[in-house]
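> Please find start_5.cif (mmCIF, C-alpha atoms and all ligand atoms) on the next line:
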```
data_data
#
loop_
_atom_site.label_atom_id
_atom_site.label_comp_id
_atom_site.auth_asym_id
_atom_site.auth_seq_id
_atom_site.Cartn_x
_atom_site.Cartn_y
_atom_site.Cartn_z
CA MET D 42 21.20 35.75 -23.40
CA LEU D 43 21.88 34.08 -20.01
CA ASN D 44 21.26 37.25 -17.99
CA GLU D 45 18.13 38.15 -19.90
CA ILE D 46 16.70 34.64 -19.34
CA LEU D 47 17.50 34.77 -15.63
CA ASN D 48 15.67 38.09 -15.38
CA LEU D 49 12.56 36.85 -17.12
CA GLN D 50 9.71 35.44 -15.00
CA PHE D 51 9.39 32.34 -17.12
CA VAL D 52 6.83 29.56 -17.04
CA LYS D 53 8.91 27.28 -19.23
CA ILE D 54 12.13 27.25 -21.24
CA THR D 55 12.73 24.85 -24.13
CA LEU D 56 16.10 24.17 -25.69
CA SER D 57 15.99 22.46 -29.09
CA SER D 58 18.00 22.03 -32.30
CA PRO D 59 20.87 20.30 -30.51
CA LYS D 60 24.43 20.99 -31.61
CA ALA D 61 27.03 18.23 -32.02
CA LYS D 62 28.04 17.99 -28.34
CA ALA D 63 24.50 17.95 -26.91
CA GLU D 64 23.65 14.75 -25.07
CA TYR D 65 19.88 15.24 -25.29
CA ASP D 66 17.61 16.00 -28.25
CA LYS D 67 15.65 18.58 -26.34
CA ILE D 68 15.42 19.99 -22.82
CA SER D 69 12.37 21.55 -21.24
CA ILE D 70 12.69 23.42 -17.94
CA ARG D 71 9.99 24.63 -15.60
CA PRO D 72 9.96 26.08 -12.13
CA VAL D 73 8.67 23.68 -9.46
CA ARG D 74 8.42 23.61 -5.72
CA ILE D 75 9.76 20.45 -4.13
CA LYS D 76 9.42 19.95 -0.38
CA GLY D 77 8.90 23.67 0.07
CA LYS D 78 12.01 24.63 -1.92
CA ASP D 79 11.94 26.56 -5.20
CA CYS D 80 13.72 24.49 -7.83
CA PHE D 81 13.77 23.99 -11.57
CA GLN D 82 12.90 20.71 -13.17
CA ALA D 83 14.64 19.82 -16.42
CA GLU D 84 13.05 17.17 -18.61
CA ARG D 85 15.75 15.91 -20.94
CA PHE D 86 14.57 13.98 -23.97
CA SER D 87 16.66 11.38 -25.74
CA ASP D 88 15.56 8.45 -27.98
CA ASN D 89 11.94 8.68 -26.93
CA LYS D 90 12.94 8.53 -23.25
CA VAL D 91 12.74 11.32 -20.74
CA PHE D 92 15.18 11.92 -17.90
CA HIS D 93 14.30 14.30 -15.09
CA LEU D 94 16.72 16.44 -13.18
CA ASN D 95 15.81 18.78 -10.34
CA VAL D 96 18.12 21.75 -10.00
CA GLU D 97 18.11 23.93 -6.91
CA LYS D 98 17.70 27.67 -7.39
CA ALA D 99 21.27 28.40 -6.30
CA ASP D 100 22.67 26.06 -8.96
CA PHE D 101 20.40 27.14 -11.76
CA GLU D 102 22.61 29.84 -13.31
CA GLY D 103 25.53 27.41 -13.56
CA PHE D 104 23.30 24.69 -15.02
CA LEU D 105 21.83 27.03 -17.62
CA SER D 106 25.20 28.46 -18.63
CA GLU D 107 26.42 24.91 -19.34
CA ILE D 108 23.52 23.84 -21.51
CA LEU D 109 22.68 27.04 -23.42
CA PRO D 110 25.69 26.78 -25.82
CA LEU D 111 24.63 23.22 -26.76
CA TYR D 112 21.33 24.17 -28.45
CA ALA D 113 20.67 26.44 -31.42
CA GLN D 114 17.13 27.38 -30.39
CA VAL D 115 16.03 28.56 -26.97
CA CYS D 116 12.42 29.61 -26.32
CA VAL D 117 11.52 31.33 -23.08
CA PHE D 118 7.80 31.36 -22.31
CA THR D 119 6.49 34.00 -19.95
CA VAL D 120 2.86 34.94 -19.37
CA GLY D 121 1.82 36.74 -22.59
CA LYS D 122 5.22 36.74 -24.32
CA THR D 123 7.62 34.20 -25.83
CA VAL D 124 11.23 35.21 -26.38
CA THR D 125 13.17 33.10 -28.88
CA PHE D 126 16.94 33.07 -29.29
CA PHE D 127 18.48 31.46 -32.32
CA SER D 128 22.21 31.05 -32.52
CA GLY D 129 23.95 30.29 -35.79
CA LYS D 130 27.16 31.31 -37.49
CA GLY D 131 28.46 32.95 -34.31
CA LYS D 132 25.48 35.31 -34.03
CA ILE D 133 22.44 35.21 -31.79
CA LYS D 134 19.11 36.34 -33.26
CA ARG D 135 16.45 37.38 -30.82
CA SER D 136 12.72 37.61 -31.51
CA GLU D 137 9.57 38.10 -29.48
CA SER D 138 6.01 37.00 -30.03
CA LYS D 139 2.78 37.14 -28.07
CA ASN D 140 1.40 33.97 -26.52
CA ASP D 141 -1.85 33.20 -24.77
CA LEU D 142 -0.41 31.77 -21.56
CA LYS D 143 -2.55 33.08 -18.74
CA GLY D 144 -2.27 33.48 -15.02
CA ASP D 145 0.24 34.41 -12.41
CA VAL D 146 3.68 33.01 -13.01
CA ASN D 147 4.01 32.30 -9.31
CA LEU D 148 1.28 29.71 -9.69
CA SER D 149 3.53 27.72 -11.95
CA ASN D 150 6.17 27.87 -9.24
CA ASN D 151 3.78 26.30 -6.83
CA ARG D 152 2.16 23.37 -8.55
CA GLU D 153 1.31 21.46 -5.39
CA LYS D 154 -2.43 21.80 -5.97
CA ASP D 155 -2.23 20.54 -9.55
CA TYR D 156 -2.40 16.88 -10.40
CA ILE D 157 0.81 15.22 -9.41
CA LEU D 158 1.18 13.98 -13.00
CA LYS D 159 0.28 16.59 -15.53
CA GLU D 160 -1.65 15.98 -18.68
CA GLY D 161 0.80 16.69 -21.48
CA GLU D 162 3.76 15.44 -19.44
CA ASN D 163 5.91 13.12 -21.52
CA ILE D 164 5.24 9.70 -19.95
CA PRO D 165 5.68 7.34 -22.91
CA ALA D 166 4.70 4.20 -20.96
CA LEU D 167 1.22 5.68 -20.54
CA VAL D 168 0.90 5.92 -24.31
CA ASP D 169 1.71 2.20 -24.54
CA LEU D 170 -0.85 1.48 -21.83
CA GLY D 171 -3.51 3.43 -23.70
CA VAL D 172 -3.99 6.08 -20.98
CA PHE D 173 -2.36 8.88 -23.00
CA THR D 174 -2.75 9.68 -26.67
CA GLN D 175 0.41 10.00 -28.81
CA ASP D 176 0.59 13.67 -27.86
CA PHE D 177 0.28 12.88 -24.13
CA LYS D 178 -3.34 13.89 -23.65
CA VAL D 179 -5.46 11.71 -21.38
CA VAL D 180 -7.70 9.38 -23.44
CA LYS D 181 -11.24 10.50 -22.69
CA SER D 182 -12.49 7.13 -21.45
CA LYS D 183 -9.50 6.88 -19.07
CA TYR D 184 -10.03 10.25 -17.42
CA ASP D 185 -11.71 8.93 -14.27
CA LYS D 186 -9.01 6.30 -13.82
CA TYR D 187 -6.32 8.93 -14.34
CA ARG D 188 -7.89 11.13 -11.68
CA GLN D 189 -8.15 8.20 -9.24
CA ILE D 190 -4.54 7.27 -9.81
CA ASN D 191 -3.28 10.80 -9.35
CA ARG D 192 -5.09 11.01 -6.04
CA PHE D 193 -3.78 7.58 -5.05
CA VAL D 194 -0.20 8.66 -5.81
CA GLU D 195 -0.68 11.88 -3.85
CA LEU D 196 -1.82 9.90 -0.80
CA ILE D 197 1.07 7.45 -1.07
CA ASP D 198 3.50 10.31 -1.47
CA ASP D 199 2.23 12.00 1.70
CA GLU D 200 3.18 8.91 3.70
CA CYS D 201 6.10 7.52 1.75
CA GLY D 202 7.87 10.85 1.79
CA LYS D 203 8.30 10.12 5.51
CA ILE D 204 9.95 6.72 5.03
CA GLY D 205 13.57 7.46 5.83
CA LYS D 206 15.08 4.70 3.69
CA ASP D 207 17.25 4.72 0.59
CA GLN D 208 14.97 2.30 -1.20
CA ILE D 209 11.28 1.65 -0.78
CA THR D 210 9.57 -1.56 -1.82
CA ILE D 211 5.94 -1.55 -2.88
CA LEU D 212 3.70 -4.50 -3.78
CA ASP D 213 0.56 -4.01 -5.86
CA PHE D 214 -2.06 -6.72 -5.47
CA GLY D 215 -4.34 -7.32 -8.48
CA CYS D 216 -2.47 -4.80 -10.62
CA GLY D 217 -4.42 -5.61 -13.82
CA LYS D 218 -3.35 -3.36 -16.69
CA SER D 219 -1.16 -1.61 -14.13
CA TYR D 220 -1.84 2.05 -14.80
CA LEU D 221 -1.43 2.66 -11.09
CA THR D 222 1.72 0.55 -10.82
CA PHE D 223 3.42 2.32 -13.72
CA ILE D 224 2.45 5.75 -12.48
CA VAL D 225 3.63 5.06 -8.92
CA TYR D 226 6.92 3.81 -10.34
CA TYR D 227 7.28 6.77 -12.67
CA TYR D 228 6.48 9.22 -9.90
CA PHE D 229 8.99 7.85 -7.41
CA ALA D 230 11.76 6.64 -9.72
CA VAL D 231 11.68 9.24 -12.47
CA ILE D 232 10.19 12.41 -11.03
CA LYS D 233 11.49 12.11 -7.47
CA GLY D 234 14.64 10.19 -8.37
CA LYS D 235 14.08 7.77 -5.49
CA LYS D 236 15.20 4.15 -5.45
CA VAL D 237 12.03 2.17 -5.59
CA LYS D 238 11.23 -1.46 -6.24
CA ILE D 239 7.69 -2.29 -7.28
CA ILE D 240 6.13 -5.67 -7.98
CA GLY D 241 2.64 -5.98 -9.42
CA TYR D 242 0.76 -9.26 -9.06
CA ASP D 243 -2.10 -10.45 -11.21
CA LEU D 244 -3.74 -13.66 -12.34
CA LYS D 245 -3.77 -12.68 -16.00
CA LYS D 246 -0.73 -13.95 -17.91
CA ASP D 247 -1.18 -11.86 -21.06
CA VAL D 248 -1.59 -8.65 -19.11
CA VAL D 249 1.48 -9.38 -16.97
CA LEU D 250 3.51 -10.19 -20.08
CA ASN D 251 2.54 -6.91 -21.72
CA CYS D 252 3.33 -4.89 -18.57
CA ASN D 253 6.78 -6.47 -18.31
CA LYS D 254 7.38 -5.70 -21.98
CA ILE D 255 6.54 -2.03 -21.47
CA ALA D 256 8.64 -1.81 -18.29
CA ARG D 257 11.67 -3.24 -20.13
CA LYS D 258 11.07 -0.99 -23.14
CA TYR D 259 11.47 2.09 -20.97
CA GLY D 260 14.30 0.71 -18.87
CA TYR D 261 12.23 0.60 -15.66
CA GLU D 262 14.58 -1.87 -14.04
CA ASN D 263 12.96 -2.19 -10.66
CA LEU D 264 9.42 -2.53 -11.91
CA GLU D 265 8.33 -6.10 -12.31
CA PHE D 266 5.08 -7.94 -12.90
CA VAL D 267 4.42 -11.49 -11.78
CA VAL D 268 1.64 -13.91 -12.62
CA ALA D 269 0.31 -15.01 -9.26
CA ASP D 270 -2.81 -15.92 -7.40
CA VAL D 271 -2.45 -13.73 -4.33
CA LYS D 272 -4.75 -16.08 -2.45
CA LYS D 273 -2.31 -18.97 -2.51
CA ASP D 274 1.00 -18.31 -4.24
CA VAL D 275 4.27 -17.46 -2.52
CA LEU D 276 4.93 -13.75 -2.99
CA TYR D 277 7.84 -11.44 -2.24
CA GLU D 278 9.51 -12.50 0.99
CA GLU D 279 11.92 -9.61 1.63
CA GLU D 280 11.13 -6.43 3.54
CA ILE D 281 8.14 -4.54 2.12
CA ASP D 282 7.34 -0.91 2.92
CA VAL D 283 4.00 -0.40 1.23
CA VAL D 284 1.14 -2.59 0.03
CA ILE D 285 -1.32 -1.12 -2.43
CA SER D 286 -4.42 -2.47 -4.09
CA LEU D 287 -6.85 -0.67 -6.32
CA HIS D 288 -10.11 -2.49 -6.97
CA ALA D 289 -8.64 -5.95 -6.36
CA CYS D 290 -11.68 -8.17 -6.74
CA ASP D 291 -13.69 -9.28 -3.70
CA THR D 292 -11.57 -11.31 -1.28
CA ALA D 293 -8.29 -10.63 -3.17
CA THR D 294 -8.31 -7.43 -1.08
CA ASP D 295 -8.48 -9.52 2.11
CA TYR D 296 -5.44 -11.50 1.01
CA ALA D 297 -3.56 -8.29 0.25
CA LEU D 298 -4.39 -6.89 3.68
CA ASN D 299 -3.51 -10.14 5.40
CA TYR D 300 -0.18 -10.31 3.56
CA ALA D 301 0.62 -6.81 4.73
CA ILE D 302 -0.38 -7.65 8.31
CA LYS D 303 1.67 -10.83 8.42
CA LYS D 304 4.75 -9.15 6.96
CA GLY D 305 4.38 -6.16 9.32
CA VAL D 306 4.16 -3.78 6.34
CA LYS D 307 4.08 -0.23 7.63
CA ASN D 308 1.81 1.42 5.06
CA ILE D 309 -1.29 0.06 3.36
CA PHE D 310 -3.44 1.81 0.76
CA SER D 311 -6.33 -0.32 -0.36
CA VAL D 312 -9.38 0.60 -2.39
CA PRO D 313 -11.69 -2.44 -2.25
CA CYS D 314 -14.13 -3.52 -4.92
CA CYS D 315 -16.89 -6.09 -5.51
CA GLN D 316 -17.34 -7.00 -1.86
CA HIS D 317 -19.57 -10.04 -2.52
CA GLU D 318 -18.61 -12.33 0.32
CA ILE D 319 -20.78 -10.95 3.12
CA ASN D 320 -23.64 -10.20 0.73
CA LEU D 321 -23.73 -13.86 -0.28
CA SER D 322 -23.47 -15.29 3.23
CA ILE D 323 -25.37 -12.86 5.48
CA SER D 324 -28.83 -13.76 6.81
CA LYS D 325 -31.37 -12.02 9.01
CA GLY D 326 -30.94 -12.40 12.74
CA GLY D 327 -30.79 -9.05 14.55
CA ASP D 328 -31.52 -5.32 14.68
CA MET D 329 -30.09 -4.81 11.22
CA ASP D 330 -32.73 -7.01 9.50
CA SER D 331 -34.58 -4.16 7.80
CA LEU D 332 -31.33 -3.32 5.98
CA LEU D 333 -31.22 -6.82 4.55
CA LYS D 334 -34.73 -6.83 3.11
CA TYR D 335 -34.12 -5.19 -0.29
CA GLY D 336 -31.44 -6.57 -2.60
CA ILE D 337 -29.65 -3.37 -3.51
CA ILE D 338 -29.62 -2.08 0.07
CA LYS D 339 -28.40 -5.44 1.35
CA GLU D 340 -25.60 -5.34 -1.23
CA ARG D 341 -24.48 -1.86 -0.20
CA VAL D 342 -24.75 -2.53 3.52
CA SER D 343 -22.76 -5.73 3.07
CA ALA D 344 -20.03 -3.88 1.19
CA LEU D 345 -19.83 -1.22 3.92
CA LEU D 346 -19.85 -3.86 6.65
CA THR D 347 -17.03 -5.70 4.84
CA ASP D 348 -14.83 -2.61 4.79
CA SER D 349 -15.70 -1.69 8.36
CA ILE D 350 -14.67 -5.14 9.53
CA ARG D 351 -11.45 -4.93 7.52
CA ALA D 352 -10.65 -1.58 9.14
CA MET D 353 -11.45 -2.94 12.62
CA ILE D 354 -9.19 -5.96 12.06
CA LEU D 355 -6.35 -3.71 10.93
CA GLU D 356 -6.80 -1.69 14.12
CA ASP D 357 -6.55 -4.87 16.16
CA MET D 358 -3.35 -5.70 14.28
CA GLY D 359 -1.69 -2.46 15.38
CA TYR D 360 -2.59 -0.10 12.57
CA LYS D 361 -3.91 3.42 12.75
CA VAL D 362 -6.70 3.32 10.20
CA ASP D 363 -8.67 5.88 8.20
CA VAL D 364 -11.40 5.11 5.74
CA ILE D 365 -11.57 7.98 3.28
CA GLU D 366 -13.34 8.91 0.07
CA PHE D 367 -10.21 9.09 -2.01
CA VAL D 368 -11.97 10.54 -5.05
CA ASP D 369 -15.39 12.04 -5.51
CA LEU D 370 -18.21 9.50 -5.87
CA ALA D 371 -18.87 10.89 -9.36
CA HIS D 372 -15.50 9.52 -10.53
CA SER D 373 -15.88 6.04 -9.12
CA PRO D 374 -18.65 4.34 -7.16
CA LYS D 375 -15.88 2.31 -5.52
CA ASN D 376 -14.28 5.31 -3.90
CA LEU D 377 -13.50 4.23 -0.35
CA MET D 378 -9.88 3.82 0.55
CA ILE D 379 -8.67 1.96 3.62
CA ARG D 380 -5.47 3.72 4.62
CA ALA D 381 -3.53 2.10 7.41
CA LYS D 382 -0.24 2.77 9.11
CA LYS D 383 1.38 0.38 11.56
CA THR D 384 1.98 2.26 14.78
CA ARG D 385 1.93 -0.33 17.56
CA GLY D 386 1.60 -4.02 18.44
CA GLU D 387 -1.42 -6.28 18.19
CA LYS D 388 -4.35 -5.72 20.57
CA ARG D 389 -7.60 -7.61 19.99
CA VAL D 390 -10.12 -4.95 20.93
CA ASN D 391 -12.50 -5.21 17.98
CA ALA D 392 -12.52 -8.99 17.56
CA PRO D 393 -15.37 -9.62 20.07
CA GLU D 394 -17.66 -7.17 18.26
CA ILE D 395 -16.91 -8.79 14.90
CA GLU D 396 -17.63 -12.21 16.41
CA ARG D 397 -20.91 -10.94 17.90
CA LEU D 398 -22.05 -9.68 14.48
CA GLN D 399 -20.98 -12.91 12.82
CA SER D 400 -22.89 -15.06 15.26
CA LEU D 401 -26.04 -12.94 14.81
CA TYR D 402 -25.95 -12.67 11.02
CA GLY D 403 -24.00 -15.78 10.11
CA PHE D 404 -21.75 -14.17 7.49
CA LYS D 405 -18.28 -15.18 6.41
CA GLN D 406 -15.43 -12.68 6.19
CA THR D 407 -12.08 -13.79 4.81
CA LEU D 408 -9.79 -11.29 6.49
CA TYR D 409 -11.28 -12.27 9.83
CA GLU D 410 -10.50 -15.93 9.09
CA LEU D 411 -6.96 -15.13 7.96
CA ALA D 412 -5.75 -12.37 10.23
CA TYR D 413 -6.45 -13.77 13.68
CA LYS D 414 -4.75 -17.03 12.82
CA ASP D 415 -0.99 -17.12 13.31
C1 LIG D 501 -10.78 -4.53 -11.36
S1 LIG D 501 -9.19 -5.04 -11.78
C2 LIG D 501 -8.23 -3.72 -11.15
C3 LIG D 501 -6.91 -3.60 -11.83
C4 LIG D 501 -6.05 -2.41 -11.41
N1 LIG D 501 -5.63 -2.49 -10.04
C5 LIG D 501 -6.75 -1.11 -11.68
O1 LIG D 501 -7.27 -0.51 -10.75
O2 LIG D 501 -6.82 -0.71 -12.84
C6 LIG D 501 -8.89 -6.34 -10.61
C7 LIG D 501 -7.68 -7.19 -10.94
O3 LIG D 501 -7.43 -8.08 -9.85
C8 LIG D 501 -6.96 -9.30 -10.38
N2 LIG D 501 -7.18 -10.38 -9.42
C9 LIG D 501 -8.35 -10.83 -8.93
N3 LIG D 501 -8.15 -11.86 -8.09
C10 LIG D 501 -6.82 -12.07 -8.04
C11 LIG D 501 -5.99 -13.00 -7.37
N4 LIG D 501 -6.50 -13.93 -6.56
N5 LIG D 501 -4.65 -12.92 -7.54
C12 LIG D 501 -4.12 -11.98 -8.36
N6 LIG D 501 -4.86 -11.09 -9.03
C13 LIG D 501 -6.18 -11.12 -8.87
C14 LIG D 501 -7.76 -9.46 -11.66
O4 LIG D 501 -7.15 -10.34 -12.57
C15 LIG D 501 -7.85 -8.04 -12.18
O5 LIG D 501 -6.84 -7.75 -13.10
#
```
Taking this structure as input, can you express it in the form of structure tokens?
Ligand SMILES: C[S@@+](CC[C@H](N)C(=O)[O-])C[C@H]1O[C@@H](n2cnc3c(N)ncnc32)[C@H](O)[C@@H]1O

Amino acid sequence: MLNEILNLQFVKITLSSPKAKAEYDKISIRPVRIKGKDCFQAERFSDNKVFHLNVEKADFEGFLSEILPLYAQVCVFTVGKTVTFFSGKGKIKRSESKNDLKGDVNLSNNREKDYILKEGENIPALVDLGVFTQDFKVVKSKYDKYRQINRFVELIDDECGKIGKDQITILDFGCGKSYLTFIVYYYFAVIKGKKVKIIGYDLKKDVVLNCNKIARKYGYENLEFVVADVKKDVLYEEEIDVVISLHACDTATDYALNYAIKKGVKNIFSVPCCQHEINLSISKGGDMDSLLKYGIIKERVSALLTDSIRAMILEDMGYKVDVIEFVDLAHSPKNLMIRAKKTRGEKRVNAPEIERLQSLYGFKQTLYELAYKD
């Protein structure tokens, strides 16, 4: 059986019907590519929890030979054919059936272009959060959010993969129901097996309570949620590697950015939302007046000006900044991400231009007020 399995170009192997000595109820194995290396990822299910193990190609035969005797049923899925082995009473029965898996098996070895978190992947916390159905399908109304979060995680991973530390600490400002927070934790702690500490902050007590309950239920020890007003409360004081915020309301984003600046946080990923402040305080006074004439245009220009100013301030504070459309506009009208990486010291190059605009148009901008003060 072992040799035949190793010679099959499989998409997935499942081991079920555990025998007495098996530690897990079921194991599912698929080929993956991690950091350019062909590996196999084993998802091991026990008591409604899933434990991931990545096995390098060279170790795979040994790994498989250890676990095969522990399960009575082994199904090997290849493109078009499923081979099933059933062992009982000292004999192994083998059967074959057709399946409708399509495509090139090599594609399943190289899943880098897929979503980082697959639909159908066993992530029980997402069922509790209402993002997945009981059978791990994305709930229709949550599809856009799921897509945004996948992209967000991909972008964080690109940068955080480069942080050469044993443990990374991430703060999430305005975490709300915390789909993003849970998924970031799951991705780093469970899939990548990295030591990660994540704290989500939000004003809403009931939501925070529920998130902590779910985190404890799944044994996510370093995932914590705290009731806090990020505009005034004392937050985490130790070293922080990454600050994230997804649609933190209005000036809550400014406080998140300022916190990151003041703590010298290396990586920031912030998707702003409801940028009301400039819209409410701006008045005519210069060449831009025709953009302030019609309500909806004024609102959009104000939002863009807000994010431009935030990006310019981050540059002054020593960050290399990109403003990117992190998902397609069709999936969220609030689709601009400010991505910043601390690369040097402070240099106030943009401040005079921000001050010039402020004196012409009379608007207020919170990050400007906070960041340039010591
Ligand atoms: C639009 S929701 C986004 C939630 C989550 N990040 C997401 O994308 O699903 C904004 C969240 O920010 C929180 N929030 C707003 N102002 C805050 C503040 N000053 N301190 C902490 N949380 C705040 C709100 O309670 C709300 O849950």
> Could you pull the residues within 9 Å of D:Leu287, counting all atoms listed in the file, minus those fewer than 3 positions along the same chain, as a PyMOL selection string?
chain D and resi 190+193+213-216+221+290+294+310-314+378
> Just how far from atom CA of D:Lys304 is atom CA of D:Gln406, in Å to one decimal?
20.5 Å
> Report, in Å with one decimal, the straight-line distance from atom CA of D:Val172 to atom CA of D:Ile365.
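Separation of atom CA of D:Val172 and atom CA of D:Ile365: 25.5 Å.
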> Within 10 Å of ligand LIG 501 (chain D), which residues of chain D come that close, and what is the closest atom pair and distance in Å for each? Count all atoms listed in the file and give it as JSON lines.

```
{"residue": "D:Lys186", "atom": "CA", "partner": "D:LIG501", "partner_atom": "O2", "distance": 7.4}
{"residue": "D:Tyr187", "atom": "CA", "partner": "D:LIG501", "partner_atom": "O2", "distance": 9.8}
{"residue": "D:Gln189", "atom": "CA", "partner": "D:LIG501", "partner_atom": "O1", "distance": 8.9}
{"residue": "D:Ile190", "atom": "CA", "partner": "D:LIG501", "partner_atom": "O1", "distance": 8.3}
{"residue": "D:Asp213", "atom": "CA", "partner": "D:LIG501", "partner_atom": "N1", "distance": 7.6}
{"residue": "D:Phe214", "atom": "CA", "partner": "D:LIG501", "partner_atom": "N6", "distance": 6.3}
{"residue": "D:Gly215", "atom": "CA", "partner": "D:LIG501", "partner_atom": "O3", "distance": 3.5}
{"residue": "D:Cys216", "atom": "CA", "partner": "D:LIG501", "partner_atom": "N1", "distance": 4.0}
{"residue": "D:Gly217", "atom": "CA", "partner": "D:LIG501", "partner_atom": "O5", "distance": 3.3}
{"residue": "D:Lys218", "atom": "CA", "partner": "D:LIG501", "partner_atom": "O2", "distance": 5.8}
{"residue": "D:Ser219", "atom": "CA", "partner": "D:LIG501", "partner_atom": "C4", "distance": 5.7}
{"residue": "D:Tyr220", "atom": "CA", "partner": "D:LIG501", "partner_atom": "O2", "distance": 6.0}
{"residue": "D:Leu221", "atom": "CA", "partner": "D:LIG501", "partner_atom": "C5", "distance": 6.5}
{"residue": "D:Thr222", "atom": "CA", "partner": "D:LIG501", "partner_atom": "N1", "distance": 8.0}
{"residue": "D:Gly241", "atom": "CA", "partner": "D:LIG501", "partner_atom": "N1", "distance": 9.0}
{"residue": "D:Tyr242", "atom": "CA", "partner": "D:LIG501", "partner_atom": "C12", "distance": 5.6}
{"residue": "D:Asp243", "atom": "CA", "partner": "D:LIG501", "partner_atom": "N6", "distance": 3.6}
{"residue": "D:Leu244", "atom": "CA", "partner": "D:LIG501", "partner_atom": "C12", "distance": 4.3}
{"residue": "D:Lys245", "atom": "CA", "partner": "D:LIG501", "partner_atom": "O4", "distance": 5.4}
{"residue": "D:Lys246", "atom": "CA", "partner": "D:LIG501", "partner_atom": "O4", "distance": 9.1}
{"residue": "D:Val248", "atom": "CA", "partner": "D:LIG501", "partner_atom": "O5", "distance": 8.0}
{"residue": "D:Val249", "atom": "CA", "partner": "D:LIG501", "partner_atom": "O5", "distance": 9.3}
{"residue": "D:Val267", "atom": "CA", "partner": "D:LIG501", "partner_atom": "C12", "distance": 9.2}
{"residue": "D:Val268", "atom": "CA", "partner": "D:LIG501", "partner_atom": "C12", "distance": 7.4}
{"residue": "D:Ala269", "atom": "CA", "partner": "D:LIG501", "partner_atom": "C12", "distance": 5.4}
{"residue": "D:Asp270", "atom": "CA", "partner": "D:LIG501", "partner_atom": "N5", "distance": 3.5}
{"residue": "D:Val271", "atom": "CA", "partner": "D:LIG501", "partner_atom": "N5", "distance": 4.0}
{"residue": "D:Lys272", "atom": "CA", "partner": "D:LIG501", "partner_atom": "N4", "distance": 5.0}
{"residue": "D:Lys273", "atom": "CA", "partner": "D:LIG501", "partner_atom": "N4", "distance": 7.7}
{"residue": "D:Asp274", "atom": "CA", "partner": "D:LIG501", "partner_atom": "N5", "distance": 8.5}
{"residue": "D:Ile285", "atom": "CA", "partner": "D:LIG501", "partner_atom": "N1", "distance": 8.9}
{"residue": "D:Ser286", "atom": "CA", "partner": "D:LIG501", "partner_atom": "N1", "distance": 6.1}
{"residue": "D:Leu287", "atom": "CA", "partner": "D:LIG501", "partner_atom": "N1", "distance": 4.3}
{"residue": "D:His288", "atom": "CA", "partner": "D:LIG501", "partner_atom": "C2", "distance": 4.7}
{"residue": "D:Ala289", "atom": "CA", "partner": "D:LIG501", "partner_atom": "O3", "distance": 4.3}
{"residue": "D:Cys290", "atom": "CA", "partner": "D:LIG501", "partner_atom": "C9", "distance": 4.8}
{"residue": "D:Asp291", "atom": "CA", "partner": "D:LIG501", "partner_atom": "N3", "distance": 7.5}
{"residue": "D:Thr292", "atom": "CA", "partner": "D:LIG501", "partner_atom": "N3", "distance": 7.6}
{"residue": "D:Ala293", "atom": "CA", "partner": "D:LIG501", "partner_atom": "N4", "distance": 5.1}
{"residue": "D:Thr294", "atom": "CA", "partner": "D:LIG501", "partner_atom": "N3", "distance": 8.3}
{"residue": "D:Asp295", "atom": "CA", "partner": "D:LIG501", "partner_atom": "N4", "distance": 9.9}
{"residue": "D:Tyr296", "atom": "CA", "partner": "D:LIG501", "partner_atom": "N4", "distance": 8.0}
{"residue": "D:Ala297", "atom": "CA", "partner": "D:LIG501", "partner_atom": "N5", "distance": 9.1}
{"residue": "D:Ser311", "atom": "CA", "partner": "D:LIG501", "partner_atom": "N1", "distance": 9.9}
{"residue": "D:Val312", "atom": "CA", "partner": "D:LIG501", "partner_atom": "O1", "distance": 8.7}
{"residue": "D:Pro313", "atom": "CA", "partner": "D:LIG501", "partner_atom": "C1", "distance": 9.4}
{"residue": "D:Cys314", "atom": "CA", "partner": "D:LIG501", "partner_atom": "C1", "distance": 7.3}
{"residue": "D:Cys315", "atom": "CA", "partner": "D:LIG501", "partner_atom": "C1", "distance": 8.6}
```
> Tell me, as number ranges by chain, which residues lie within 9 Å of stretch 125-128 of chain D, counting only C-alpha atoms; anything in the same chain fewer than 4 positions away does not count.
D: 42, 110, 112-118, 132-138
> Residues at most 6 Å from D:Ala344, counting all atoms listed in the file, excluding those fewer than 3 positions away in the same chain, as a VMD selection string?
chain D and resid 316 341 347
> Name the residues in contact with D:Val368 at a cut-off of 7 Å, using all atoms listed in the file, excluding same-chain residues fewer than 4 positions from it; report them as a list in words.
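In the requested form, the answer reads Gln189, Arg192, His372 and Asn376 of chain D.
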